[in-house]
Amino acid sequence: MTTDGTGTHGAILADTVPEGGDTPLVELRNAGKSYGNIRALHGVDLTVRPGQVTCVLGDNGAGKSTLIKIISGLHQHTEGEFLVDGCPVRFSTPREALDKGIATVYQDLATVPLMPVWRNFFLGSEMTKGPWPVRRLDIDRMKKTADQELRNMGIVLDDLEQPIGTLSGGQRQCVAIARAVYFGARVLILDEPTAALGVKQSGVVLKYIAAARDRGLGVIFITHNPHHAYMVGDHFSVLRLGTMELTASRDQVSLEELTNHMAGGTELAALKHELAQVRGVDVEELPEEKDLTAPVANPGEKAS
Ligand SMILES: Nc1ncnc2c1ncn2[C@@H]1O[C@H](COP(=O)(O)OP(=O)(O)OP(=O)(O)O)[C@@H](O)[C@H]1O
Ligand SMILES: [Mg+2]
């Protein structure tokens, strides 16, 4: 697919969005998904608003990927409602989600490692010039635009000619985020973008998540790291065994509470008991079962 791409697609999409006042970009109401007789997700409520980061946390197998597959059009929900701009939808392909401005950055990024950064930026939506049948790639404009867009997001790369495969995992995530923003994403879904990254690189990715949010996007940030979530999140949803165990805004939950919910407090306490029997394992840092019910430093009204 090619495009003349005279501006950002965002501008085009923004015009088509109904004036919605306080209408969320994306909303799940009591949504669920069964794979045959496996009920992977049920009773899930989620709201994504412009300029906010909604974090979805949960342990392995909790249903995080299933949740984003519904929103990104890869799978369909089998229970409840899924609304975009207040209208019920049921996407049959990721293309339909993309057309509504819902872009997903997967962990195994769909990039071509040996192609230059700027070429990957426009992959599948190249800019062209000249009339048919002598239409050709507008390389200069693509390079300039990619450079400008990356800079707009605060990403400065030495050389856009370098193969994207030579960038670090964190830098590639950042290019993917800038690309989604340029191509008009209103909702940006990030599936565990920091899972394979070191501390410093995670910090860089978190910075661009904040930059996307500041540009007015609604961000869905999937992670199982409560510290990363708490650094940028406005809203937190913790999934456990396919249901929402906790839904809370930032002022309703402290980092300790979030960590406890994530860790599965009682399970950890039981584990502490078991580990205490093993020589050479320091269990001091793990919570006692009684600690879990104790009031926290920053108690607030909680949803669960
Ligand atoms: N295509 C499928 N067919 C059958 N069951 C599935 C399918 N995809 C996921 N599941 C099941 O749904 C549940 C939730 O899986 P999901 O991949 O959404 O978890 P997750 O939170 O993303 O886990 P992880 O952190 O390991 O990525 C699991 O029990 C899984 O076995
Ligand atoms: Mg997953």
# chains A, B, ... in the order shown; residues from 1 in each chain; ligands from 1
$ residues_near_ligand --ligand "ligand 2" --cutoff "10 Å" --atoms "only C-alpha atoms and all ligand atoms" --output "NGL selection string"
:A and (58-69 or 107 or 191-192 or 222-224)
$ write_last_selection --atoms "N, CA and C atoms" --output "tab-separated table (two decimals), in the first residue's frame"
chain	number	residue	atom	x	y	z
A	58	GLY	N	-0.97	-8.12	35.29
A	58	GLY	CA	-1.42	-9.47	35.57
A	58	GLY	C	-0.30	-10.46	35.36
A	59	ASP	N	-0.41	-11.58	36.05
A	59	ASP	CA	0.63	-12.59	35.96
A	59	ASP	C	0.49	-13.38	34.65
A	60	ASN	N	1.40	-14.31	34.43
A	60	ASN	CA	1.33	-15.12	33.22
A	60	ASN	C	-0.01	-15.85	33.16
A	61	GLY	N	-0.63	-15.81	31.99
A	61	GLY	CA	-1.88	-16.53	31.81
A	61	GLY	C	-3.09	-15.82	32.39
A	62	ALA	N	-2.92	-14.58	32.85
A	62	ALA	CA	-4.03	-13.85	33.48
A	62	ALA	C	-5.07	-13.40	32.46
A	63	GLY	N	-4.65	-13.30	31.20
A	63	GLY	CA	-5.59	-12.87	30.17
A	63	GLY	C	-5.26	-11.54	29.52
A	64	LYS	N	-4.06	-11.03	29.77
A	64	LYS	CA	-3.67	-9.71	29.25
A	64	LYS	C	-3.67	-9.71	27.72
A	65	SER	N	-3.01	-10.71	27.13
A	65	SER	CA	-2.92	-10.74	25.67
A	65	SER	C	-4.30	-10.94	25.05
A	66	THR	N	-5.12	-11.78	25.69
A	66	THR	CA	-6.48	-11.99	25.19
A	66	THR	C	-7.23	-10.67	25.16
A	67	LEU	N	-7.08	-9.88	26.21
A	67	LEU	CA	-7.76	-8.58	26.30
A	67	LEU	C	-7.35	-7.66	25.15
A	68	ILE	N	-6.02	-7.56	24.91
A	68	ILE	CA	-5.62	-6.63	23.84
A	68	ILE	C	-5.91	-7.21	22.46
A	69	LYS	N	-5.98	-8.53	22.35
A	69	LYS	CA	-6.33	-9.10	21.04
A	69	LYS	C	-7.76	-8.72	20.66
A	107	GLN	N	5.46	-7.00	21.04
A	107	GLN	CA	6.82	-7.10	21.53
A	107	GLN	C	7.79	-7.55	20.45
A	191	ASP	N	2.16	-4.08	24.23
A	191	ASP	CA	2.14	-5.37	24.92
A	191	ASP	C	3.50	-5.64	25.54
A	192	GLU	N	3.60	-5.43	26.82
A	192	GLU	CA	4.83	-5.67	27.59
A	192	GLU	C	6.08	-5.08	26.91
A	222	ILE	N	0.43	-2.70	28.75
A	222	ILE	CA	0.39	-4.04	29.36
A	222	ILE	C	1.74	-4.32	30.00
A	223	THR	N	1.74	-4.74	31.23
A	223	THR	CA	3.02	-5.03	31.88
A	223	THR	C	2.78	-5.94	33.07
A	224	HIS	N	3.81	-6.66	33.51
A	224	HIS	CA	3.62	-7.25	34.83
A	224	HIS	C	4.58	-6.65	35.85
$ select_by_dssp --residues "stretch 6-93 of chain A" --states "strand (DSSP E or B)" --output "number ranges by chain"
A: 26-35, 38-48, 53-58, 79-84, 87-88
$ closest_residue --among "A:Val181, A:Leu157, A:Ile71, A:Leu57" --to "ligand 1" --atoms "only C-alpha atoms and all ligand atoms"
A:Leu57
$ residues_around --residues "A:Ile139" --least-positions-apart "5" --cutoff "10 Å" --atoms "only C-alpha atoms" --output "PyMOL selection string"
chain A and resi 118-119+126-129+144-145
$ write_last_selection --atoms "C-alpha atoms" --output "tab-separated table (two decimals), in the first residue's frame"
chain	number	residue	atom	x	y	z
A	118	TRP	CA	13.46	5.53	7.89
A	119	ARG	CA	12.42	2.68	5.55
A	126	GLU	CA	5.53	4.45	1.63
A	127	MET	CA	5.40	8.00	0.30
A	128	THR	CA	5.55	8.27	-3.48
A	129	LYS	CA	5.98	11.03	-6.03
A	144	LYS	CA	12.99	14.06	6.31
A	145	THR	CA	9.58	13.17	7.72
$ atom_distance --atom1 "atom CA of A:Asp158" --atom2 "atom CA of A:Leu217"
27.0 Å
